[in-house]
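Source file: start_26.csv; contents: CSV, C-alpha atoms and all ligand atoms.
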```csv
chain,number,residue,atom,x,y,z
A,1,MET,CA,12.0,4.8,11.1
A,2,LYS,CA,10.3,6.9,13.7
A,3,PHE,CA,6.6,6.5,14.3
A,4,ILE,CA,4.9,9.8,14.1
A,5,ASP,CA,1.1,10.0,14.6
A,6,GLU,CA,0.6,13.8,14.5
A,7,ALA,CA,1.7,16.5,12.2
A,8,GLU,CA,0.9,20.1,11.4
A,9,ILE,CA,1.3,21.2,7.8
A,10,THR,CA,0.4,24.2,5.7
A,11,VAL,CA,-1.0,23.7,2.2
A,12,ARG,CA,-1.7,26.2,-0.6
A,13,SER,CA,-3.4,25.7,-3.9
A,14,GLY,CA,-2.0,27.3,-7.0
A,15,ASP,CA,-3.0,30.7,-8.4
A,16,GLY,CA,-4.9,30.7,-11.6
A,17,GLY,CA,-2.9,32.0,-14.6
A,18,SER,CA,-4.0,35.4,-16.0
A,19,GLY,CA,-5.9,35.8,-19.2
A,20,CYS,CA,-4.0,37.3,-22.2
A,21,VAL,CA,-4.6,40.5,-24.2
A,22,SER,CA,-3.7,39.9,-27.7
A,23,PHE,CA,-4.9,40.6,-31.2
A,24,ARG,CA,-4.5,38.6,-34.3
A,25,ARG,CA,-1.8,40.0,-36.6
A,26,GLU,CA,-1.6,38.4,-39.9
A,27,ARG,CA,0.0,39.7,-43.0
A,28,PHE,CA,-3.2,40.5,-44.9
A,29,LEU,CA,-5.3,41.1,-41.8
A,30,PRO,CA,-4.1,44.4,-40.3
A,31,LYS,CA,-7.1,44.7,-37.9
A,32,GLY,CA,-7.3,41.2,-36.6
A,33,GLY,CA,-9.8,40.4,-33.8
A,34,PRO,CA,-8.8,39.6,-30.2
A,35,ASP,CA,-7.2,36.2,-29.7
A,36,GLY,CA,-5.9,36.3,-26.1
A,37,GLY,CA,-6.4,32.9,-24.5
A,38,ASP,CA,-7.5,32.1,-20.9
A,39,GLY,CA,-5.1,31.5,-18.0
A,40,GLY,CA,-4.7,27.9,-16.8
A,41,LYS,CA,-6.3,26.8,-13.5
A,42,GLY,CA,-4.0,26.7,-10.4
A,43,GLY,CA,-3.1,23.2,-9.1
A,44,ASP,CA,-5.3,21.6,-6.4
A,45,VAL,CA,-4.1,20.3,-3.1
A,46,ILE,CA,-4.9,16.6,-3.0
A,47,ILE,CA,-4.5,14.3,0.0
A,48,LYS,CA,-4.4,10.6,-0.6
A,49,ALA,CA,-4.2,7.5,1.6
A,50,SER,CA,-1.6,4.8,0.9
A,51,SER,CA,-1.4,1.4,2.5
A,52,LYS,CA,2.4,1.6,2.0
A,53,LEU,CA,2.8,4.2,4.7
A,54,HIS,CA,2.4,3.5,8.4
A,55,SER,CA,3.4,6.8,9.9
A,56,LEU,CA,3.2,10.5,9.3
A,57,TYR,CA,7.0,10.6,9.5
A,58,ASP,CA,7.5,12.0,6.0
A,59,LEU,CA,5.6,15.1,7.1
A,60,GLU,CA,8.1,15.9,9.8
A,61,SER,CA,10.7,17.1,7.3
A,62,ARG,CA,8.3,18.7,4.9
A,63,ARG,CA,5.5,20.8,6.3
A,64,TYR,CA,4.7,23.2,3.5
A,65,PHE,CA,3.0,22.0,0.3
A,66,LYS,CA,2.2,24.3,-2.5
A,67,ALA,CA,0.5,23.4,-5.8
A,68,GLN,CA,1.9,25.1,-8.9
A,69,ASN,CA,0.3,28.2,-10.4
A,70,GLY,CA,-1.5,28.0,-13.7
A,71,LYS,CA,0.3,29.4,-16.7
A,72,PRO,CA,-1.0,32.6,-18.3
A,73,GLY,CA,-2.9,32.4,-21.6
A,74,SER,CA,-1.2,33.5,-24.8
A,75,GLY,CA,-2.0,34.8,-28.2
A,76,ASN,CA,-3.6,32.8,-30.9
A,77,ASN,CA,-6.3,31.7,-28.4
A,78,LYS,CA,-3.8,29.5,-26.5
A,79,SER,CA,-5.0,28.6,-23.0
A,80,GLY,CA,-2.3,28.5,-20.3
A,81,LYS,CA,-1.4,25.1,-18.8
A,82,LYS,CA,-3.0,24.0,-15.6
A,83,GLY,CA,-0.7,24.1,-12.6
A,84,ARG,CA,0.6,20.8,-11.2
A,85,ASP,CA,-1.4,19.5,-8.1
A,86,ALA,CA,0.3,19.2,-4.7
A,87,LEU,CA,-0.2,15.5,-3.7
A,88,ILE,CA,0.2,14.6,-0.1
A,89,LEU,CA,0.4,10.9,0.8
A,90,VAL,CA,-0.6,9.7,4.2
A,91,PRO,CA,-1.2,6.3,5.9
A,92,LEU,CA,-4.7,4.8,6.1
A,93,GLY,CA,-6.5,6.1,9.1
A,94,THR,CA,-5.3,9.7,8.9
A,95,MET,CA,-7.8,12.3,9.9
A,96,ILE,CA,-7.3,15.7,8.5
A,97,LYS,CA,-8.5,18.7,10.5
A,98,ASN,CA,-8.5,22.4,10.2
A,99,LEU,CA,-5.8,23.5,12.6
A,100,GLU,CA,-7.6,26.6,13.8
A,101,SER,CA,-11.2,25.4,14.0
A,102,GLY,CA,-10.6,21.7,14.6
A,103,GLU,CA,-13.2,20.9,12.0
A,104,LEU,CA,-12.8,17.5,10.5
A,105,LEU,CA,-12.1,17.9,6.7
A,106,ALA,CA,-11.4,14.3,5.8
A,107,ASP,CA,-11.0,10.8,7.3
A,108,LEU,CA,-9.1,8.6,4.9
A,109,VAL,CA,-9.6,5.0,5.6
A,110,PHE,CA,-9.2,3.1,2.3
A,111,ASP,CA,-6.2,2.5,0.1
A,112,ASP,CA,-6.0,5.2,-2.7
A,113,HIS,CA,-8.8,7.1,-1.1
A,114,GLN,CA,-8.2,10.7,-2.0
A,115,ILE,CA,-9.9,14.0,-1.7
A,116,VAL,CA,-9.3,17.4,-3.2
A,117,LEU,CA,-8.7,19.6,-0.1
A,118,ILE,CA,-8.4,22.9,-1.8
A,119,GLU,CA,-9.2,23.7,-5.5
A,120,GLY,CA,-6.7,25.8,-7.4
A,121,GLY,CA,-7.7,29.3,-8.4
A,122,ALA,CA,-9.6,29.6,-11.7
A,123,GLY,CA,-7.7,30.9,-14.6
A,124,GLY,CA,-8.5,34.4,-15.9
A,125,LYS,CA,-10.4,34.9,-19.2
A,126,GLY,CA,-8.4,36.2,-22.1
A,127,ASN,CA,-9.6,39.2,-24.1
A,128,LYS,CA,-11.2,37.0,-26.7
A,129,TYR,CA,-13.8,36.1,-24.2
A,130,PHE,CA,-14.8,39.7,-23.7
A,131,ALA,CA,-15.4,40.6,-27.3
A,132,THR,CA,-19.0,41.6,-28.0
A,133,SER,CA,-20.8,43.3,-30.9
A,134,THR,CA,-20.3,46.7,-29.3
A,135,ASN,CA,-16.7,46.1,-28.2
A,136,ARG,CA,-14.9,44.1,-30.8
A,137,THR,CA,-11.5,44.9,-29.5
A,138,PRO,CA,-11.4,44.6,-25.7
A,139,ARG,CA,-8.0,45.7,-24.4
A,140,PHE,CA,-8.4,43.9,-21.1
A,141,ALA,CA,-8.3,40.4,-19.7
A,142,GLN,CA,-9.0,38.9,-16.4
A,143,GLU,CA,-6.5,38.1,-13.6
A,144,GLY,CA,-6.3,34.6,-12.4
A,145,GLN,CA,-8.0,33.8,-9.1
A,146,LYS,CA,-5.6,33.5,-6.1
A,147,GLY,CA,-5.0,30.1,-4.5
A,148,THR,CA,-6.0,29.6,-0.9
A,149,GLU,CA,-3.9,28.5,2.1
A,150,LYS,CA,-4.9,26.3,4.9
A,151,ARG,CA,-3.2,25.1,8.0
A,152,LEU,CA,-4.0,21.5,8.8
A,153,LYS,CA,-3.6,19.1,11.7
A,154,LEU,CA,-3.1,15.5,10.7
A,155,GLU,CA,-3.9,12.7,13.2
A,156,LEU,CA,-3.2,9.1,12.6
A,157,LYS,CA,-5.5,6.5,14.1
A,158,LEU,CA,-4.3,3.2,12.8
A,159,ILE,CA,-6.9,1.0,11.1
A,160,ALA,CA,-6.3,-2.6,11.9
A,161,ASP,CA,-8.6,-5.6,12.3
A,162,VAL,CA,-7.1,-6.8,15.5
A,163,GLY,CA,-5.6,-4.6,18.3
A,164,ILE,CA,-3.2,-6.5,20.6
A,165,ILE,CA,-3.5,-5.4,24.2
A,166,GLY,CA,-2.1,-6.6,27.5
A,167,LEU,CA,0.3,-5.7,30.3
A,168,PRO,CA,4.0,-5.2,29.5
A,169,ASN,CA,5.9,-8.5,29.0
A,170,ALA,CA,2.8,-10.5,28.3
A,171,GLY,CA,4.3,-11.5,24.9
A,172,LYS,CA,2.3,-9.2,22.6
A,173,SER,CA,5.2,-8.3,20.3
A,174,THR,CA,6.4,-11.9,20.2
A,175,LEU,CA,2.9,-12.9,19.2
A,176,LEU,CA,2.7,-10.3,16.5
A,177,SER,CA,6.0,-11.4,15.0
A,178,ARG,CA,4.8,-15.0,15.1
A,179,LEU,CA,1.4,-14.3,13.5
A,180,SER,CA,2.8,-12.0,10.9
A,181,GLY,CA,6.0,-11.0,9.1
A,182,ALA,CA,6.5,-8.0,11.4
A,183,HIS,CA,9.7,-7.7,13.4
A,184,PRO,CA,8.9,-5.7,16.5
A,185,LYS,CA,11.4,-5.2,19.3
A,186,ILE,CA,11.1,-8.0,21.8
A,187,ALA,CA,12.8,-8.1,25.2
A,188,LYS,CA,12.4,-9.2,28.8
A,189,TYR,CA,11.9,-5.7,30.2
A,190,ALA,CA,8.8,-3.7,30.1
A,191,PHE,CA,8.0,-1.2,27.4
A,192,THR,CA,10.2,-2.4,24.6
A,193,THR,CA,7.4,-1.5,22.3
A,194,ILE,CA,7.3,2.3,22.6
A,195,THR,CA,5.4,2.9,19.4
A,196,PRO,CA,2.7,0.8,17.7
A,197,ASN,CA,3.7,-1.9,15.3
A,198,LEU,CA,1.5,-3.2,12.5
A,199,GLY,CA,1.6,-6.7,11.1
A,200,ILE,CA,-0.3,-8.6,8.4
A,201,MET,CA,-1.4,-12.1,9.1
A,202,LEU,CA,-2.2,-14.2,6.0
A,203,PHE,CA,-5.0,-16.6,6.3
A,204,ASN,CA,-5.8,-19.4,3.8
A,205,ASP,CA,-3.3,-17.7,1.4
A,206,ASP,CA,-5.8,-15.2,0.1
A,207,GLN,CA,-7.2,-13.5,3.1
A,208,ALA,CA,-5.3,-11.1,5.4
A,209,LEU,CA,-5.9,-9.6,8.8
A,210,THR,CA,-4.0,-6.6,10.0
A,211,LEU,CA,-2.8,-6.7,13.6
A,212,ALA,CA,-1.6,-3.7,15.6
A,213,ASP,CA,0.7,-4.2,18.6
A,214,ILE,CA,0.6,-1.2,20.9
A,215,PRO,CA,2.7,-0.5,24.0
A,216,GLY,CA,1.7,-2.3,27.1
A,217,LEU,CA,-0.7,-0.8,29.5
A,218,ILE,CA,-0.1,-0.6,33.2
A,219,GLU,CA,-2.4,0.3,36.0
A,220,GLY,CA,-2.8,4.0,36.1
A,221,ALA,CA,-1.9,4.5,32.4
A,222,SER,CA,-4.9,6.7,32.1
A,223,SER,CA,-3.4,9.1,34.6
A,224,GLY,CA,-0.1,9.1,32.8
A,225,LYS,CA,1.8,6.1,34.3
A,226,GLY,CA,4.1,4.1,32.1
A,227,LEU,CA,3.7,5.3,28.6
A,228,GLY,CA,0.3,6.6,29.4
A,229,HIS,CA,-2.6,5.5,27.2
A,230,LYS,CA,-2.3,7.8,24.3
A,231,PHE,CA,-1.5,4.8,22.1
A,232,LEU,CA,-5.0,3.5,22.8
A,233,GLN,CA,-6.1,5.8,20.0
A,234,HIS,CA,-4.7,3.2,17.6
A,235,ILE,CA,-7.0,0.5,18.8
A,236,GLU,CA,-10.1,2.7,18.8
A,237,ARG,CA,-10.8,1.7,15.2
A,238,THR,CA,-9.8,-1.9,15.3
A,239,THR,CA,-12.6,-4.4,14.8
A,240,ILE,CA,-11.7,-6.7,17.7
A,241,LEU,CA,-9.1,-6.9,20.5
A,242,LEU,CA,-6.7,-9.7,21.3
A,243,HIS,CA,-5.9,-9.6,24.9
A,244,VAL,CA,-2.6,-11.4,25.8
A,245,LEU,CA,-2.1,-12.7,29.3
A,246,ASP,CA,1.0,-14.2,30.8
A,247,ILE,CA,-0.2,-17.2,32.7
A,248,HIS,CA,3.0,-17.3,34.8
A,249,ARG,CA,4.6,-14.1,35.8
A,250,SER,CA,1.3,-12.5,36.2
A,251,HIS,CA,1.6,-8.9,37.1
A,252,SER,CA,-0.6,-9.1,40.2
A,253,GLY,CA,-0.2,-12.8,41.0
A,254,ASP,CA,-3.7,-13.4,39.8
A,255,ILE,CA,-4.6,-13.7,36.1
A,256,LEU,CA,-8.1,-12.3,36.6
A,257,THR,CA,-6.7,-9.2,38.3
A,258,ASP,CA,-4.2,-8.7,35.4
A,259,PHE,CA,-7.1,-8.9,33.0
A,260,SER,CA,-9.2,-6.4,35.0
A,261,ILE,CA,-6.3,-3.9,35.2
A,262,VAL,CA,-6.3,-3.7,31.4
A,263,GLN,CA,-10.1,-3.7,31.2
A,264,ARG,CA,-10.3,-0.8,33.6
A,265,GLU,CA,-7.7,1.2,31.7
A,266,LEU,CA,-9.6,0.6,28.5
A,267,ALA,CA,-12.8,1.8,30.0
A,268,LEU,CA,-11.2,4.9,31.5
A,269,TYR,CA,-9.9,5.8,28.0
A,270,HIS,CA,-13.3,5.2,26.4
A,271,PRO,CA,-16.1,2.8,27.4
A,272,SER,CA,-16.5,1.7,23.8
A,273,LEU,CA,-13.0,0.2,24.0
A,274,ALA,CA,-13.8,-2.0,26.9
A,275,ASN,CA,-16.9,-3.2,25.1
A,276,LYS,CA,-15.1,-4.3,22.0
A,277,ASP,CA,-15.1,-8.0,21.2
A,278,GLN,CA,-12.1,-9.7,22.7
A,279,VAL,CA,-10.3,-12.9,22.1
A,280,ILE,CA,-8.1,-14.0,25.0
A,281,ALA,CA,-4.7,-15.6,24.5
A,282,LEU,CA,-3.3,-17.3,27.6
A,283,ASN,CA,0.4,-17.1,26.7
A,284,LYS,CA,3.6,-19.0,27.7
A,285,ILE,CA,2.1,-22.4,28.1
A,286,ASP,CA,5.5,-23.8,27.2
A,287,ILE,CA,6.7,-23.0,30.7
A,288,ALA,CA,5.5,-25.5,33.3
A,289,PRO,CA,4.0,-25.8,35.8
A,290,VAL,CA,1.3,-23.2,35.8
A,291,LYS,CA,1.1,-21.3,39.0
A,292,GLY,CA,-2.1,-20.5,40.7
A,293,GLY,CA,-4.5,-23.0,39.2
A,294,ASP,CA,-4.4,-25.0,36.1
A,295,LEU,CA,-4.9,-24.0,32.5
A,296,GLU,CA,-8.3,-25.5,32.2
A,297,GLU,CA,-9.5,-23.6,35.1
A,298,MET,CA,-8.3,-20.3,33.6
A,299,ARG,CA,-9.9,-21.1,30.3
A,300,HIS,CA,-13.1,-22.0,32.0
A,301,MET,CA,-13.0,-18.7,33.9
A,302,PHE,CA,-12.8,-16.6,30.7
A,303,SER,CA,-15.1,-18.8,28.7
A,304,SER,CA,-17.8,-18.6,31.3
A,305,ARG,CA,-17.6,-14.8,31.1
A,306,GLY,CA,-18.3,-15.1,27.4
A,307,TYR,CA,-14.8,-14.7,26.0
A,308,GLU,CA,-13.3,-16.7,23.2
A,309,CYS,CA,-10.2,-18.1,24.9
A,310,ARG,CA,-7.1,-19.9,23.5
A,311,ALA,CA,-4.0,-21.3,25.3
A,312,ILE,CA,-0.8,-20.6,23.3
A,313,SER,CA,2.9,-20.2,23.3
A,314,ALA,CA,4.0,-17.3,21.2
A,315,LEU,CA,7.5,-18.6,21.6
A,316,THR,CA,7.1,-22.2,20.3
A,317,GLY,CA,4.0,-21.6,18.2
A,318,GLU,CA,1.8,-24.0,20.1
A,319,GLY,CA,-1.9,-23.2,19.7
A,320,LEU,CA,-1.4,-20.5,17.2
A,321,ASP,CA,-3.4,-22.2,14.4
A,322,GLU,CA,-6.4,-22.3,16.7
A,323,LEU,CA,-5.9,-18.7,17.7
A,324,GLU,CA,-5.7,-17.6,14.1
A,325,LYS,CA,-8.9,-19.4,13.3
A,326,ALA,CA,-10.6,-17.8,16.3
A,327,LEU,CA,-9.4,-14.3,15.3
A,328,HIS,CA,-10.4,-14.7,11.8
A,329,LYS,CA,-13.9,-15.9,12.7
A,330,LYS,CA,-14.4,-13.1,15.2
A,331,VAL,CA,-13.3,-10.4,12.8
A,332,PHE,CA,-15.4,-11.9,10.1
A,333,THR,CA,-18.6,-12.0,12.2
A,334,ALA,CA,-17.9,-8.6,13.7
A,335,SER,CA,-17.7,-7.0,10.3
A,336,MET,CA,-20.9,-8.6,9.2
A,337,VAL,CA,-23.0,-6.7,11.7
A,401,LIG,P1,5.3,-7.4,25.2
A,401,LIG,O1,5.8,-6.4,26.2
A,401,LIG,O2,3.9,-7.9,25.7
A,401,LIG,O3,5.3,-7.0,23.8
A,401,LIG,O4,6.2,-8.7,25.4
A,401,LIG,P2,7.4,-9.3,24.5
A,401,LIG,O5,6.8,-9.9,23.3
A,401,LIG,O6,8.4,-8.2,24.3
A,401,LIG,O7,7.9,-10.5,25.4
A,401,LIG,C1,8.3,-10.3,26.7
A,401,LIG,C2,9.2,-11.5,27.1
A,401,LIG,O8,8.4,-12.7,27.2
A,401,LIG,C3,10.3,-11.7,26.1
A,401,LIG,O9,11.5,-12.1,26.8
A,401,LIG,C4,9.8,-12.9,25.3
A,401,LIG,O10,10.8,-13.7,24.8
A,401,LIG,C5,9.0,-13.7,26.4
A,401,LIG,N1,7.9,-14.5,25.8
A,401,LIG,C6,6.9,-14.0,24.9
A,401,LIG,N2,6.1,-15.1,24.7
A,401,LIG,C7,6.6,-16.1,25.3
A,401,LIG,C8,6.1,-17.5,25.3
A,401,LIG,O11,5.1,-18.0,24.8
A,401,LIG,N3,6.9,-18.4,26.1
A,401,LIG,C9,8.0,-17.9,26.8
A,401,LIG,N4,8.6,-18.8,27.5
A,401,LIG,N5,8.4,-16.7,26.7
A,401,LIG,C10,7.7,-15.8,26.0
A,402,MG,MG,5.9,-5.2,23.1
```
Mind turning this structure into structure tokens?
Amino acid sequence: MKFIDEAEITVRSGDGGSGCVSFRRERFLPKGGPDGGDGGKGGDVIIKASSKLHSLYDLESRRYFKAQNGKPGSGNNKSGKKGRDALILVPLGTMIKNLESGELLADLVFDDHQIVLIEGGAGGKGNKYFATSTNRTPRFAQEGQKGTEKRLKLELKLIADVGIIGLPNAGKSTLLSRLSGAHPKIAKYAFTTITPNLGIMLFNDDQALTLADIPGLIEGASSGKGLGHKFLQHIERTTILLHVLDIHRSHSGDILTDFSIVQRELALYHPSLANKDQVIALNKIDIAPVKGGDLEEMRHMFSSRGYECRAISALTGEGLDELEKALHKKVFTASMV
């Protein structure tokens, strides 16, 4: 399935049903009073977040949503039925904006979180409603109120606990698949991940962390190199970052430079990203020997800069228990403040 993180749709609420003009006609009541019922309310436009969706893909094929009109009232004081609502399901993290003005109408971040975007038109009153002591037989009823239409822009910014970042080929997707049940594309060449992947990591059987693997960053991503840095929008809202570094084939020949390249791109996108709490994973410890200084030295380098740092092999699974614990602890403490 394609990953779509933007969509434009048009929505329209239902018209209210019209009120009814009717008079009671019974066998022994030749001049019965008015009994025209009210029209039903038009259906609302409702938008709802669902954790089962991970993309705005469904909205590519369907861009127009209209709620049903209310049914007209009828004789014998019968009200018309309310029109069916139009329900639009979106993934968690979807922001709904007015297409023309850009105004933010809703930001849906919890499962089953829903809002009524537009109310349906009110039903018209039947002639019964207009009967007074001076006009006992009103021959008119009210029209239903028209529904309203809005053009919307939907933007998805994934909500995950941990955003996985790093240069291409560092092993981010391999790590995601190891830590969770996700099956991202993994390969030796750069940019196999061209769209974000989400995975769920179970911890102690009853707690779960969601992880987002985004396409690798390269130097100059902020100016459009590689896949650019548009995908960073998906880690804007993660609680912490997991920075994966390849201790061998380091991009620049020096692990600290590799680290700084990514840091700089984060800061260029938004300073708040670079300031997010990070856990560092020194990956590929299964390949020996380590070029350019030993592992302890690297660990010390990052620890002394205040980072939580773990040496791992995403391939063999070595060190992953420790990494999971570190992630869990960081997410937990970060969400406490
Ligand atoms: P990404 O671009 O950061 O998502 O990197 P991938 O997960 O696609 O991995 C890039 C390459 O590195 C693949 O060929 C992986 O098999 C390999 N790789 C990832 N982690 C490890 C590891 O811990 N040890 C070894 N030896 N290779 C790894
Ligand atoms: Mg990848």
Taken to one decimal, the atom CA of A:Val45-atom CA of A:Ile118 distance is 5.2 Å
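Here atom CA of A:Ile235 stands at a distance of 19.8 Å from atom CA of A:Leu104.
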Query - Distance query A:Asn76 at most 8 Å, all atoms listed in the file, self and fewer than 2 positions along chain excluded, as an NGL selection string - result: :A and (22-24 or 35-37 or 74 or 78)
Need the shell around A:Gly80: protein/DNA/RNA residues with any atom at most 12 Å away, counting only C-alpha atoms. Skip same-chain ones fewer than 3 positions apart. Format as a short mmCIF file (atom, residue, chain, number, x, y, z; two decimals) with C-alpha atoms, in the frame of the given file?
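To be explicit, this is the file written out as part_15.cif:
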```
data_model
loop_
_atom_site.label_atom_id
_atom_site.label_comp_id
_atom_site.auth_asym_id
_atom_site.auth_seq_id
_atom_site.Cartn_x
_atom_site.Cartn_y
_atom_site.Cartn_z
CA GLY A 16 -4.90 30.70 -11.60
CA GLY A 17 -2.90 32.00 -14.60
CA SER A 18 -4.00 35.40 -16.00
CA GLY A 19 -5.90 35.80 -19.20
CA CYS A 20 -4.00 37.30 -22.20
CA GLY A 36 -5.90 36.30 -26.10
CA GLY A 37 -6.40 32.90 -24.50
CA ASP A 38 -7.50 32.10 -20.90
CA GLY A 39 -5.10 31.50 -18.00
CA GLY A 40 -4.70 27.90 -16.80
CA LYS A 41 -6.30 26.80 -13.50
CA GLY A 42 -4.00 26.70 -10.40
CA ASN A 69 0.30 28.20 -10.40
CA GLY A 70 -1.50 28.00 -13.70
CA LYS A 71 0.30 29.40 -16.70
CA PRO A 72 -1.00 32.60 -18.30
CA GLY A 73 -2.90 32.40 -21.60
CA SER A 74 -1.20 33.50 -24.80
CA GLY A 75 -2.00 34.80 -28.20
CA ASN A 76 -3.60 32.80 -30.90
CA ASN A 77 -6.30 31.70 -28.40
CA GLY A 83 -0.70 24.10 -12.60
CA ALA A 122 -9.60 29.60 -11.70
CA GLY A 123 -7.70 30.90 -14.60
CA GLY A 124 -8.50 34.40 -15.90
CA LYS A 125 -10.40 34.90 -19.20
CA GLY A 126 -8.40 36.20 -22.10
CA GLY A 144 -6.30 34.60 -12.40
#
```
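Atom CA of A:Thr239 is found 8.9 Å from atom CA of A:Lys330.
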Task: Polymer residues at most 8 Å from (-9.8, 13.6, 9.5) by all atoms listed in the file, as a ChimeraX atom specification - done: /A:94-97,104-108,154-155
Selection from above, C-alpha atoms, as a compact mmCIF listing (two decimals), in the frame of the given file, can you write it?
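Wrote part_17.txt, looks like this:
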```
# COMPACT_ATOMS: atom_id res chain seq x y z
CA THR A 94 -5.30 9.70 8.90
CA MET A 95 -7.80 12.30 9.90
CA ILE A 96 -7.30 15.70 8.50
CA LYS A 97 -8.50 18.70 10.50
CA LEU A 104 -12.80 17.50 10.50
CA LEU A 105 -12.10 17.90 6.70
CA ALA A 106 -11.40 14.30 5.80
CA ASP A 107 -11.00 10.80 7.30
CA LEU A 108 -9.10 8.60 4.90
CA LEU A 154 -3.10 15.50 10.70
CA GLU A 155 -3.90 12.70 13.20
```
Residue with the minimum atom-to-atom distance to A:Asn169, picked from A:Ala314, A:Leu266, A:Leu156, A:Val109 with all atoms listed in the file counted, is A:Ala314
Neighbours of A:Gly33 within 10 Å (all atoms listed in the file; same-chain residues fewer than 4 positions away dropped), as a ChimeraX atom specification?
/A:22-25,29,127-128,131,136-138
Of A:Ser180, A:Leu256, A:Val11, A:Ala86, the one nearest to A:Leu320 when counting only C-alpha atoms is A:Ser180
Using all atoms listed in the file, the residue out of A:Asp58, A:Glu100, A:Glu297, A:Asp213 with shortest distance to ligand LIG 401 (chain A) is A:Asp213
Of A:Lys146, A:Lys276, A:Arg84, A:Arg178, the one sitting nearest A:Gly163 when using all atoms listed in the file is A:Lys276
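If you measure from each of A:Leu268, A:Ile214, A:Ile312, A:Ala334 to ligand MG 402 (chain A) using only C-alpha atoms and all ligand atoms, the closest one turns out to be A:Ile214.
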Polymer residues at most 12 Å from A:Leu87, all atoms listed in the file, same-chain spacing of 4 or more positions, as an MDAnalysis selection string: chainID A and resid 11:13 43:50 64:68 112 114:118
N, CA, C and O atoms are what I want for stretch 121-133 of chain A; can you complete it accordingly and write them as a short mmCIF file (atom, residue, chain, number, x, y, z; two decimals), in the coordinates of the input?
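Below is the file part16.cif, written as the result:
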```cif
data_model
loop_
_atom_site.label_atom_id
_atom_site.label_comp_id
_atom_site.auth_asym_id
_atom_site.auth_seq_id
_atom_site.Cartn_x
_atom_site.Cartn_y
_atom_site.Cartn_z
N GLY A 121 -6.95 28.16 -7.90
CA GLY A 121 -7.70 29.30 -8.40
C GLY A 121 -8.04 29.15 -9.86
O GLY A 121 -7.29 28.54 -10.62
N ALA A 122 -9.17 29.70 -10.27
CA ALA A 122 -9.60 29.60 -11.70
C ALA A 122 -8.68 30.51 -12.52
O ALA A 122 -8.20 31.55 -12.04
N GLY A 123 -8.45 30.11 -13.74
CA GLY A 123 -7.70 30.90 -14.60
C GLY A 123 -8.49 32.15 -15.09
O GLY A 123 -9.72 32.08 -15.12
N GLY A 124 -7.81 33.26 -15.39
CA GLY A 124 -8.50 34.40 -15.90
C GLY A 124 -8.90 34.27 -17.34
O GLY A 124 -8.23 33.56 -18.09
N LYS A 125 -9.97 34.94 -17.76
CA LYS A 125 -10.40 34.90 -19.20
C LYS A 125 -9.51 35.78 -20.02
O LYS A 125 -9.18 36.90 -19.60
N GLY A 126 -9.17 35.34 -21.19
CA GLY A 126 -8.40 36.20 -22.10
C GLY A 126 -9.33 37.19 -22.79
O GLY A 126 -10.56 37.11 -22.65
N ASN A 127 -8.76 38.14 -23.51
CA ASN A 127 -9.60 39.20 -24.10
C ASN A 127 -10.56 38.72 -25.13
O ASN A 127 -11.59 39.32 -25.37
N LYS A 128 -10.27 37.60 -25.72
CA LYS A 128 -11.20 37.00 -26.70
C LYS A 128 -12.56 36.84 -26.13
O LYS A 128 -13.58 37.10 -26.76
N TYR A 129 -12.60 36.39 -24.88
CA TYR A 129 -13.80 36.10 -24.20
C TYR A 129 -14.72 37.33 -24.03
O TYR A 129 -15.94 37.23 -24.00
N PHE A 130 -14.08 38.50 -23.95
CA PHE A 130 -14.80 39.70 -23.70
C PHE A 130 -15.30 40.46 -24.92
O PHE A 130 -15.94 41.50 -24.84
N ALA A 131 -14.97 39.91 -26.08
CA ALA A 131 -15.40 40.60 -27.30
C ALA A 131 -16.90 40.48 -27.49
O ALA A 131 -17.50 39.43 -27.31
N THR A 132 -17.53 41.61 -27.78
CA THR A 132 -19.00 41.60 -28.00
C THR A 132 -19.21 42.41 -29.31
O THR A 132 -18.27 42.98 -29.88
N SER A 133 -20.48 42.52 -29.70
CA SER A 133 -20.80 43.30 -30.90
C SER A 133 -20.47 44.75 -30.77
O SER A 133 -20.17 45.44 -31.73
#
```
